[in-house]
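Enquirer: So I've got this file, final-v5.tsv, and it contains TSV, C-alpha atoms:
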```
chain	number	residue	atom	x	y	z
S	1	MET	CA	79.56	46.29	105.16
S	2	SER	CA	79.90	49.70	106.81
S	3	ALA	CA	80.64	52.93	104.97
S	4	ASP	CA	84.12	52.93	106.53
S	5	GLU	CA	84.81	49.40	105.32
S	6	GLU	CA	83.66	50.34	101.82
S	7	ARG	CA	86.16	53.21	101.83
S	8	GLY	CA	88.88	50.84	102.93
S	9	GLY	CA	89.84	52.86	105.99
S	10	ALA	CA	90.60	51.14	109.30
S	11	THR	CA	88.56	52.16	112.33
S	12	GLY	CA	89.39	49.82	115.20
S	13	ALA	CA	87.21	46.71	114.84
S	14	GLU	CA	89.53	44.01	113.50
S	15	TRP	CA	93.11	44.98	112.76
S	16	GLY	CA	95.67	43.06	110.77
S	17	GLU	CA	99.08	42.96	112.40
S	18	GLU	CA	100.71	44.83	109.49
S	19	LEU	CA	98.18	47.64	109.76
S	20	LEU	CA	98.81	47.86	113.50
S	21	ASP	CA	102.53	48.07	112.78
S	22	ARG	CA	101.93	50.95	110.34
S	23	VAL	CA	99.96	52.82	112.98
S	24	PHE	CA	102.80	52.10	115.41
S	25	LEU	CA	105.34	53.58	112.97
S	26	THR	CA	103.35	56.82	112.57
S	27	ARG	CA	104.03	57.40	116.27
S	28	VAL	CA	107.75	56.57	115.97
S	29	VAL	CA	108.96	57.87	112.58
S	30	GLU	CA	108.56	61.54	111.62
S	31	PRO	CA	106.57	62.43	108.48
S	32	GLY	CA	108.66	62.52	105.32
S	33	ASP	CA	111.58	60.60	106.87
S	34	GLU	CA	113.14	59.05	103.76
S	35	THR	CA	115.41	56.81	105.82
S	36	GLY	CA	112.37	55.28	107.52
S	37	GLY	CA	110.63	55.02	104.16
S	38	ARG	CA	113.59	53.16	102.74
S	39	TRP	CA	113.53	50.75	105.68
S	40	VAL	CA	109.86	49.99	105.00
S	41	ARG	CA	110.53	49.48	101.29
S	42	GLU	CA	113.56	47.22	101.79
S	43	HIS	CA	112.60	45.29	104.93
S	44	GLY	CA	108.82	45.61	105.17
S	45	VAL	CA	106.61	47.19	107.83
S	46	ARG	CA	106.58	44.14	110.10
S	47	GLU	CA	110.38	43.80	110.28
S	48	VAL	CA	110.99	47.53	110.85
S	49	ALA	CA	108.42	47.57	113.65
S	50	ARG	CA	109.91	44.41	115.21
S	51	ARG	CA	113.43	45.83	115.31
S	52	LEU	CA	112.25	49.10	116.81
S	53	ARG	CA	110.30	47.26	119.49
S	54	THR	CA	113.06	44.79	120.37
S	55	GLY	CA	116.06	47.07	119.92
S	56	GLY	CA	117.89	45.35	117.12
S	57	PRO	CA	119.64	44.65	114.99
S	58	LEU	CA	120.29	48.28	114.10
S	59	LEU	CA	118.77	49.39	110.80
S	60	PRO	CA	121.15	51.07	108.30
S	61	GLY	CA	121.52	54.82	107.83
S	62	VAL	CA	121.19	56.03	111.44
S	63	THR	CA	123.58	56.77	114.27
S	64	ASP	CA	123.39	54.98	117.62
S	65	ARG	CA	122.06	58.19	119.14
S	66	ARG	CA	119.22	58.50	116.66
S	67	TRP	CA	118.39	54.82	117.00
S	68	ALA	CA	118.14	55.27	120.75
S	69	GLY	CA	115.71	58.17	120.21
S	70	LEU	CA	113.53	56.07	117.92
S	71	ARG	CA	113.61	53.22	120.42
S	72	ALA	CA	112.46	55.57	123.18
S	73	ARG	CA	109.50	56.62	121.05
S	74	ALA	CA	108.74	52.99	120.23
S	75	GLU	CA	108.53	52.10	123.93
S	76	ARG	CA	105.75	54.67	124.43
S	77	ALA	CA	103.79	53.86	121.24
S	78	ASP	CA	100.49	52.02	121.62
S	79	PRO	CA	98.77	51.59	118.23
S	80	ARG	CA	95.59	50.07	119.64
S	81	ARG	CA	95.14	53.02	121.95
S	82	ASP	CA	95.72	55.40	119.03
S	83	LEU	CA	93.09	53.59	116.98
S	84	ASP	CA	90.58	53.67	119.83
S	85	THR	CA	91.21	57.40	120.34
S	86	ALA	CA	90.82	58.00	116.62
S	87	GLY	CA	87.63	55.96	116.39
S	88	ALA	CA	86.08	57.93	119.25
S	89	ALA	CA	86.81	61.16	117.31
S	90	GLY	CA	85.38	59.81	114.04
S	91	VAL	CA	88.84	59.39	112.52
S	92	ARG	CA	89.97	56.43	110.40
S	93	PHE	CA	93.44	55.30	109.32
S	94	VAL	CA	94.04	54.84	105.59
S	95	ALA	CA	97.12	52.87	104.52
S	96	PRO	CA	98.84	52.36	101.15
S	97	GLY	CA	97.20	49.55	99.23
S	98	GLN	CA	93.74	50.11	100.71
S	99	ALA	CA	90.81	51.12	98.51
S	100	GLU	CA	90.77	54.69	99.82
S	101	TRP	CA	94.50	55.30	99.43
S	102	PRO	CA	95.25	58.02	96.82
S	103	GLY	CA	97.76	56.35	94.50
S	104	GLN	CA	99.35	59.66	93.49
S	105	LEU	CA	100.96	59.86	96.95
S	106	ASP	CA	103.17	56.95	95.86
S	107	ASP	CA	105.00	59.46	93.63
S	108	LEU	CA	106.74	60.66	96.81
S	109	GLY	CA	108.85	57.52	96.84
S	110	ASP	CA	110.53	56.87	100.19
S	111	ALA	CA	108.99	60.12	101.50
S	112	ARG	CA	105.49	58.67	101.02
S	113	PRO	CA	103.34	58.81	104.16
S	114	LEU	CA	103.16	55.59	106.17
S	115	GLY	CA	99.42	56.22	106.20
S	116	LEU	CA	96.93	59.04	106.65
S	117	TRP	CA	94.52	59.73	109.46
S	118	VAL	CA	91.28	60.94	107.87
S	119	ARG	CA	88.25	62.65	109.38
S	120	GLY	CA	85.08	63.06	107.32
S	121	ARG	CA	82.76	60.83	105.32
S	122	PRO	CA	83.84	61.12	101.64
S	123	SER	CA	86.48	58.94	100.01
S	124	LEU	CA	89.87	60.65	100.03
S	125	ARG	CA	90.97	58.74	96.93
S	126	MET	CA	87.94	59.82	94.90
S	127	TRP	CA	88.15	63.45	95.98
S	128	ALA	CA	91.87	63.65	95.27
S	129	LEU	CA	91.34	62.60	91.65
S	130	ARG	CA	89.88	66.02	90.82
S	131	SER	CA	91.56	68.38	93.25
S	132	VAL	CA	93.61	71.58	93.22
S	133	ALA	CA	95.79	73.00	96.01
S	134	LEU	CA	95.29	76.67	96.93
S	135	VAL	CA	98.01	77.97	99.25
S	136	GLY	CA	99.56	81.27	100.23
S	137	ALA	CA	100.59	83.67	102.95
S	138	ARG	CA	99.24	83.45	106.48
S	139	ALA	CA	99.46	87.22	106.91
S	140	CYS	CA	97.80	87.83	103.56
S	141	THR	CA	96.36	91.11	102.32
S	142	ALA	CA	92.67	91.76	101.68
S	143	TYR	CA	93.46	91.23	97.99
S	144	GLY	CA	95.01	87.83	98.71
S	145	ALA	CA	92.06	86.70	100.83
S	146	HIS	CA	89.61	87.88	98.15
S	147	MET	CA	91.45	86.09	95.34
S	148	ALA	CA	91.77	82.86	97.35
S	149	ALA	CA	88.07	82.81	98.26
S	150	THR	CA	86.98	83.71	94.72
S	151	LEU	CA	89.22	81.07	93.12
S	152	ALA	CA	88.07	78.42	95.59
S	153	ALA	CA	84.39	79.22	95.04
S	154	GLY	CA	84.87	79.12	91.28
S	155	LEU	CA	86.67	75.78	91.43
S	156	ALA	CA	84.02	74.33	93.74
S	157	GLU	CA	81.25	75.46	91.39
S	158	ARG	CA	83.04	73.62	88.58
S	159	GLY	CA	83.14	70.39	90.59
S	160	TRP	CA	86.75	70.60	91.79
S	161	VAL	CA	87.97	69.84	95.31
S	162	VAL	CA	89.99	72.61	96.97
S	163	VAL	CA	92.91	71.36	99.11
S	164	SER	CA	94.79	73.58	101.55
S	165	GLY	CA	96.48	73.52	104.94
S	166	GLY	CA	93.85	74.92	107.30
S	167	ALA	CA	96.10	77.84	108.36
S	168	TYR	CA	95.24	81.50	108.78
S	169	GLY	CA	95.28	83.78	105.76
S	170	VAL	CA	95.04	82.34	102.25
S	171	ASP	CA	94.41	78.75	103.46
S	172	GLY	CA	91.42	79.77	105.55
S	173	ALA	CA	90.02	82.00	102.79
S	174	ALA	CA	90.31	79.12	100.30
S	175	HIS	CA	88.48	76.69	102.58
S	176	ARG	CA	85.74	79.24	103.32
S	177	GLY	CA	85.34	80.06	99.65
S	178	ALA	CA	84.76	76.40	98.78
S	179	LEU	CA	82.41	75.84	101.72
S	180	GLY	CA	80.48	79.01	100.93
S	181	ALA	CA	79.88	77.76	97.39
S	182	GLY	CA	78.56	74.47	98.77
S	183	GLY	CA	81.64	72.72	97.42
S	184	ALA	CA	84.23	70.21	98.52
S	185	THR	CA	87.41	71.02	100.44
S	186	VAL	CA	90.18	69.08	102.20
S	187	ALA	CA	92.41	70.41	105.00
S	188	VAL	CA	95.77	68.65	105.33
S	189	LEU	CA	97.06	69.33	108.85
S	190	ALA	CA	100.54	69.20	110.35
S	191	CYS	CA	99.19	67.74	113.61
S	192	GLY	CA	96.74	65.11	114.78
S	193	VAL	CA	93.43	65.56	112.95
S	194	ASP	CA	91.59	65.29	116.26
S	195	ARG	CA	93.43	68.42	117.43
S	196	PRO	CA	92.46	71.44	115.28
S	197	TYR	CA	95.31	73.85	114.67
S	198	PRO	CA	95.41	76.81	114.73
S	199	ARG	CA	92.96	76.98	117.61
S	200	GLY	CA	91.31	80.02	116.06
S	201	HIS	CA	90.24	77.77	113.19
S	202	ALA	CA	88.62	75.10	115.37
S	203	GLU	CA	85.15	75.95	114.07
S	204	LEU	CA	86.35	76.13	110.46
S	205	ILE	CA	88.06	72.73	110.70
S	206	ARG	CA	84.92	71.28	112.29
S	207	ARG	CA	82.90	72.56	109.30
S	208	ILE	CA	85.45	71.09	106.89
S	209	ALA	CA	85.19	67.71	108.63
S	210	GLU	CA	81.39	67.83	108.33
S	211	GLN	CA	81.23	68.99	104.71
S	212	GLY	CA	84.59	67.68	103.45
S	213	LEU	CA	87.70	65.97	104.78
S	214	VAL	CA	90.49	66.65	107.27
S	215	ALA	CA	93.64	64.55	106.81
S	216	GLY	CA	97.14	64.28	108.24
S	217	GLU	CA	100.05	61.93	108.82
S	218	LEU	CA	100.38	62.35	112.56
S	219	PRO	CA	98.50	60.18	115.07
S	220	PRO	CA	95.89	61.56	117.50
S	221	GLY	CA	97.03	64.26	119.89
S	222	GLU	CA	100.27	65.11	118.08
S	223	HIS	CA	101.18	68.79	117.94
S	224	PRO	CA	102.62	70.76	114.99
S	225	THR	CA	106.23	71.91	114.70
S	226	PRO	CA	107.91	74.13	112.08
S	227	SER	CA	109.44	71.11	110.33
S	228	ARG	CA	106.12	69.29	110.29
S	229	PHE	CA	104.48	72.22	108.49
S	230	ILE	CA	107.14	72.12	105.78
S	231	LEU	CA	106.91	68.33	105.38
S	232	ARG	CA	103.10	68.47	105.33
S	233	ASN	CA	103.34	70.59	102.17
S	234	ARG	CA	104.69	67.68	100.11
S	235	VAL	CA	101.44	65.80	100.80
S	236	ILE	CA	99.34	68.74	99.57
S	237	ALA	CA	101.47	68.93	96.42
S	238	ALA	CA	101.34	65.19	95.70
S	239	LEU	CA	97.64	64.79	96.46
S	240	THR	CA	96.47	67.33	93.87
S	241	ARG	CA	96.71	67.89	90.12
S	242	GLY	CA	98.24	71.32	90.59
S	243	THR	CA	99.13	74.00	93.13
S	244	VAL	CA	98.05	77.65	92.96
S	245	VAL	CA	100.00	80.16	95.07
S	246	VAL	CA	97.98	83.30	95.78
S	247	GLU	CA	100.38	85.40	97.89
S	248	ALA	CA	103.82	84.41	99.14
S	249	ALA	CA	106.96	86.22	100.26
S	250	HIS	CA	110.38	85.01	99.18
S	251	ARG	CA	110.75	82.58	102.11
S	252	SER	CA	107.13	81.42	102.28
S	253	GLY	CA	106.30	77.78	102.95
S	254	SER	CA	103.80	78.04	100.09
S	255	LEU	CA	106.73	78.17	97.69
S	256	VAL	CA	107.87	74.83	99.13
S	257	THR	CA	104.50	73.37	98.15
S	258	ALA	CA	104.72	74.81	94.63
S	259	ARG	CA	108.29	73.58	94.11
S	260	ALA	CA	107.35	70.13	95.40
S	261	ALA	CA	104.47	70.11	92.92
S	262	GLY	CA	106.89	70.98	90.12
S	263	ARG	CA	109.28	68.18	91.09
S	264	LEU	CA	106.38	65.72	91.09
S	265	GLY	CA	105.30	66.76	87.60
S	266	ARG	CA	102.20	68.60	88.84
S	267	HIS	CA	101.09	71.98	87.50
S	268	THR	CA	102.32	75.07	89.35
S	269	MET	CA	100.39	78.32	89.09
S	270	GLY	CA	100.60	81.78	90.58
S	271	VAL	CA	98.22	84.71	91.01
S	272	PRO	CA	100.07	87.97	90.32
S	273	GLY	CA	99.95	90.88	92.73
S	274	PRO	CA	101.30	94.44	92.86
S	275	ALA	CA	104.96	94.69	91.86
S	276	THR	CA	105.55	96.71	95.05
S	277	SER	CA	104.09	94.04	97.38
S	278	ALA	CA	106.58	91.92	99.34
S	279	LEU	CA	103.79	89.34	99.75
S	280	SER	CA	103.68	88.84	95.99
S	281	ALA	CA	107.45	88.72	95.49
S	282	GLY	CA	107.62	84.95	95.90
S	283	VAL	CA	104.75	84.42	93.48
S	284	HIS	CA	106.42	86.63	90.90
S	285	GLU	CA	109.62	84.63	91.32
S	286	LEU	CA	107.66	81.46	90.53
S	287	LEU	CA	106.09	83.12	87.49
S	288	ARG	CA	109.53	84.01	86.15
S	289	GLY	CA	110.26	80.29	86.21
S	290	ASP	CA	107.98	77.44	85.16
S	291	ALA	CA	104.78	78.50	86.93
S	292	VAL	CA	101.77	79.64	84.89
S	293	LEU	CA	99.97	82.91	85.60
S	294	VAL	CA	96.28	82.47	86.47
S	295	THR	CA	93.64	85.01	87.46
S	296	ASP	CA	90.45	82.98	87.86
S	297	ALA	CA	89.07	79.47	88.28
S	298	ALA	CA	88.48	79.00	84.54
S	299	GLU	CA	92.19	79.49	83.84
S	300	VAL	CA	93.13	77.02	86.59
S	301	VAL	CA	90.75	74.39	85.21
S	302	GLU	CA	92.03	74.95	81.68
S	303	LEU	CA	95.49	73.93	82.94
S	304	VAL	CA	94.66	71.04	85.27
S	305	GLY	CA	91.40	69.80	83.78
S	306	ASP	CA	90.51	67.40	81.03
S	307	MET	CA	90.95	68.14	77.35
S	308	GLY	CA	88.37	70.66	76.17
S	309	GLU	CA	87.96	72.46	79.51
S	310	LEU	CA	89.10	75.79	78.10
S	311	ALA	CA	88.98	79.22	79.70
S	312	PRO	CA	86.97	81.81	77.75
S	313	ASP	CA	88.82	84.27	75.54
S	314	ARG	CA	89.67	87.50	77.38
S	315	ARG	CA	88.47	90.64	75.60
S	316	GLY	CA	86.76	93.92	76.29
S	317	PRO	CA	83.03	94.53	75.94
S	318	VAL	CA	81.43	93.82	72.56
S	319	LEU	CA	80.72	97.09	70.75
S	320	PRO	CA	78.08	97.51	68.02
S	321	THR	CA	80.81	98.16	65.44
S	322	ASP	CA	82.40	94.77	66.31
S	323	LEU	CA	79.42	93.13	64.58
S	324	LEU	CA	80.15	94.81	61.24
S	325	GLU	CA	81.82	92.95	58.40
S	326	PRO	CA	85.54	93.78	58.05
S	327	GLY	CA	84.99	95.73	54.81
S	328	ALA	CA	82.31	97.90	56.40
S	329	ARG	CA	84.49	98.54	59.48
S	330	GLN	CA	87.35	99.58	57.20
S	331	VAL	CA	85.18	102.11	55.36
S	332	LEU	CA	83.74	103.42	58.63
S	333	ALA	CA	87.26	103.90	60.02
S	334	ALA	CA	88.17	105.91	56.89
S	335	LEU	CA	85.69	108.69	57.67
S	336	PRO	CA	87.11	111.74	59.45
S	337	ALA	CA	86.26	112.35	63.11
S	338	ARG	CA	84.92	115.78	62.25
S	339	GLY	CA	83.31	117.08	59.08
S	340	SER	CA	82.53	115.18	55.90
S	341	ALA	CA	84.55	113.48	53.16
S	342	ALA	CA	83.94	112.64	49.51
S	343	PRO	CA	83.54	108.98	48.44
S	344	ALA	CA	86.81	109.08	46.48
S	345	GLY	CA	88.81	110.12	49.58
S	346	ILE	CA	87.05	107.56	51.76
S	347	ALA	CA	87.80	104.81	49.22
S	348	ARG	CA	91.47	105.82	49.10
S	349	ARG	CA	91.88	105.72	52.89
S	350	ALA	CA	89.95	102.43	53.12
S	351	GLN	CA	92.13	100.95	50.36
S	352	THR	CA	89.16	99.88	48.25
S	353	SER	CA	87.37	100.97	45.07
S	354	GLN	CA	85.02	103.96	45.00
S	355	ASP	CA	82.04	101.77	44.00
S	356	ASP	CA	82.70	99.42	46.96
S	357	ALA	CA	83.08	102.39	49.31
S	358	ILE	CA	79.74	103.88	48.18
S	359	ALA	CA	77.98	100.52	48.63
S	360	ARG	CA	79.42	100.19	52.14
S	361	LEU	CA	78.44	103.76	53.01
S	362	TYR	CA	74.81	103.06	52.15
S	363	GLU	CA	74.94	99.93	54.34
S	364	LEU	CA	76.37	102.00	57.19
S	365	ARG	CA	73.70	104.66	56.71
S	366	ALA	CA	70.98	102.00	57.06
S	367	LEU	CA	72.59	100.99	60.38
S	368	GLY	CA	72.73	104.59	61.60
S	369	TYR	CA	76.53	105.05	61.50
S	370	VAL	CA	76.87	107.59	58.67
S	371	GLU	CA	74.80	110.20	56.88
S	372	ARG	CA	74.94	112.09	53.57
S	373	HIS	CA	76.05	115.70	53.77
S	374	ASP	CA	75.83	117.48	50.40
S	375	ASP	CA	78.28	115.54	48.16
S	376	GLY	CA	80.06	113.92	51.06
S	377	TRP	CA	79.56	111.58	54.01
S	378	LYS	CA	80.08	112.09	57.75
S	379	LEU	CA	79.81	110.11	60.97
S	380	THR	CA	76.62	110.23	63.01
S	381	ARG	CA	76.67	110.88	66.75
S	382	GLN	CA	76.12	107.12	67.37
S	383	ALA	CA	79.25	106.24	65.38
S	384	MET	CA	81.35	108.82	67.24
S	385	ILE	CA	80.25	107.37	70.62
S	386	SER	CA	81.20	103.84	69.45
S	387	ALA	CA	84.57	105.12	68.22
S	388	ARG	CA	85.33	106.75	71.59
S	389	ALA	CA	84.35	103.52	73.44
S	390	ALA	CA	86.70	101.52	71.24
S	391	ARG	CA	89.58	103.92	71.91
S	392	ASP	CA	88.96	104.25	75.65
S	393	PRO	CA	87.14	101.16	77.04
S	394	CYS	CA	87.79	102.27	80.62
```
Represent the supplied structure as structure tokens.
Expert:
Amino acid sequence: MSADEERGGATGAEWGEELLDRVFLTRVVEPGDETGGRWVREHGVREVARRLRTGGPLLPGVTDRRWAGLRARAERADPRRDLDTAGAAGVRFVAPGQAEWPGQLDDLGDARPLGLWVRGRPSLRMWALRSVALVGARACTAYGAHMAATLAAGLAERGWVVVSGGAYGVDGAAHRGALGAGGATVAVLACGVDRPYPRGHAELIRRIAEQGLVAGELPPGEHPTPSRFILRNRVIAALTRGTVVVEAAHRSGSLVTARAAGRLGRHTMGVPGPATSALSAGVHELLRGDAVLVTDAAEVVELVGDMGELAPDRRGPVLPTDLLEPGARQVLAALPARGSAAPAGIARRAQTSQDDAIARLYELRALGYVERHDDGWKLTRQAMISARAARDPC
């Protein structure tokens, strides 16, 4: 058995008629077409394909004009040719029910893809089980690109697959961050996977196909359109455990991905930016809703990962005085910043007895924090430096 057969993807050797009909429908029905999805659910792939090929009877939910348009597409569709073209480009077709099909895509209901064209060696189903989407603005800032690359690298180092759309800006930075860390990444395209888009990312998409996976709903040679980009985003959202938006304006397509993730019960996360940045306005809008604020890979994994994968506590640097027992810290804090104080006054300010205060003072002297001065006690230079660091950690 070949590696492709083990994955369950079809490559062009022996094709069942139903699989050929699915490939045929990817050329006829647009991605995310819920009417077409309902036809497949109610009548089956074979019957839908037969009616489109023969011209009737008309399937419900479409006008005569739209039916004529679908029929025109059907007349030009040649699934065997598409499979041969795909096979020559190292692309396989993965259909629902096959071993490689990611079951979480079924959550899309009638908007579920008819199948996915996949380029790359790993199993899409296995990679999708532990994946996170990283999306954001195409015209991102240097801050956005840095955060996307850093998050992606951190996720990759923790064994997570980074999924994005292969576009300029945040998408490209996320893919490069994962690749640079020697990790796994998946690009979900809004065109044929044998046709890298944007053209400026041809080399990046080639690297992704070699080290990871490139996937899409459209058959070989198909070009992207604005609507296809928007509909592609539902696949990114459904494929992953959660979606992180790094930078996004109010009308960004990245927000479509995040909202789709929310509707599907996936985690939605946002990386905050400057309050004055229009490119962070959409992210901040998400954060005012149900999205969770994240700043690094550990926080993302804490949300989407398994029980026990917790982000570390956030705190400033550990100071020497942090290691003192609470009673000793309380007595130390009771000493004046300048000059000396008598044990009775120190005990009063520390809210303890004089005997306890004296015992603590001798402990602090042994550690170099205080010193005797006639009948009183005062802070050493070391203690004053620690106190300033605690007040002003910056």
Enquirer: Per residue of stretch 79-121 of chain S within 12 Å of stretch 127-131 of chain S, note the shortest atom pair and the distance in Å to one decimal, counting all atoms listed in the file, and order the rows by chain and increasing residue number, as JSON lines.
Expert:
```
{"residue": "S:Glu100", "atom": "CA", "partner": "S:Trp127", "partner_atom": "CA", "distance": 9.9}
{"residue": "S:Trp101", "atom": "CA", "partner": "S:Ala128", "partner_atom": "CA", "distance": 9.7}
{"residue": "S:Pro102", "atom": "CA", "partner": "S:Ala128", "partner_atom": "CA", "distance": 6.7}
{"residue": "S:Gly103", "atom": "CA", "partner": "S:Leu129", "partner_atom": "CA", "distance": 9.4}
{"residue": "S:Gln104", "atom": "CA", "partner": "S:Ala128", "partner_atom": "CA", "distance": 8.7}
{"residue": "S:Leu105", "atom": "CA", "partner": "S:Ala128", "partner_atom": "CA", "distance": 10.0}
{"residue": "S:Gly120", "atom": "CA", "partner": "S:Trp127", "partner_atom": "CA", "distance": 11.8}
{"residue": "S:Arg121", "atom": "CA", "partner": "S:Trp127", "partner_atom": "CA", "distance": 11.1}
```
Enquirer: At what distance in Å, to one decimal, does atom CA of S:Gly345 lie from atom CA of S:Ala357?
Expert: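 Spanning atom CA of S:Ala357 to atom CA of S:Gly345 is a straight-line distance of 9.6 Å.
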Enquirer: Go ahead and compute the interatomic distance for atom CA of S:Arg241 and atom CA of S:Ala281, in Å to one decimal.
Expert: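 Between atom CA of S:Arg241 and atom CA of S:Ala281 the gap is 24.0 Å.
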Enquirer: Between atom CA of S:Ala278 and atom CA of S:Ala190, what is the spacing in Å?
Expert: 26.0 Å
Enquirer: With distances taken over only C-alpha atoms, which residue among S:His223, S:Gly339, S:Tyr362, S:Asp64 lies nearest S:Leu379?
Expert: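 Nearest candidate to S:Leu379 out of S:His223, S:Gly339, S:Tyr362, S:Asp64: S:Gly339.
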Enquirer: Which neighbours of S:Ala359 fall inside 12 Å, counting only C-alpha atoms, when residues of the same chain fewer than 3 positions from it are skipped, and could you give them as number ranges by chain?
Expert: S: 327-328, 331-332, 343, 346-347, 352-356, 362-366
Enquirer: Select, counting only C-alpha atoms, all protein, DNA and RNA residues no farther than 6 Å from (86.2, 68.5, 108.1) in file coordinates, and express the selection as number ranges by chain.
Expert: S: 120, 205-210, 212-214
Enquirer: Which one of S:Gly87, S:Glu30, S:Gly289, S:Ala148 sits closest to S:Arg228 if you count all atoms listed in the file?
Expert: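 Comparing S:Gly87, S:Glu30, S:Gly289, S:Ala148 against S:Arg228, the winner is S:Glu30.
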Enquirer: Just checking: using all atoms listed in the file, which residue out of S:Val40, S:Leu231, S:Ala248, S:Leu361 ends up closest to S:Thr141?
Expert: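 Residue with the minimum atom-to-atom distance to S:Thr141: S:Ala248.
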Enquirer: Emit a file covering stretch 18-31 of chain S of the preceding structure with C-alpha atoms, as a PDB file, in the first residue's frame.
Expert:
```pdb
ATOM      1  CA  GLU S  18     -18.950   8.411  -6.217  1.00  0.00           C
ATOM      2  CA  LEU S  19     -15.491   9.879  -5.680  1.00  0.00           C
ATOM      3  CA  LEU S  20     -15.368  10.941  -9.324  1.00  0.00           C
ATOM      4  CA  ASP S  21     -18.751  12.595  -8.871  1.00  0.00           C
ATOM      5  CA  ARG S  22     -17.440  14.518  -5.840  1.00  0.00           C
ATOM      6  CA  VAL S  23     -14.484  15.758  -7.862  1.00  0.00           C
ATOM      7  CA  PHE S  24     -16.943  16.720 -10.608  1.00  0.00           C
ATOM      8  CA  LEU S  25     -19.030  18.736  -8.114  1.00  0.00           C
ATOM      9  CA  THR S  26     -15.992  20.706  -6.883  1.00  0.00           C
ATOM     10  CA  ARG S  27     -15.778  22.100 -10.414  1.00  0.00           C
ATOM     11  CA  VAL S  28     -19.512  22.902 -10.600  1.00  0.00           C
ATOM     12  CA  VAL S  29     -20.621  24.032  -7.117  1.00  0.00           C
ATOM     13  CA  GLU S  30     -18.942  26.974  -5.375  1.00  0.00           C
ATOM     14  CA  PRO S  31     -17.295  26.419  -1.964  1.00  0.00           C
TER      15      PRO S  31
END
```
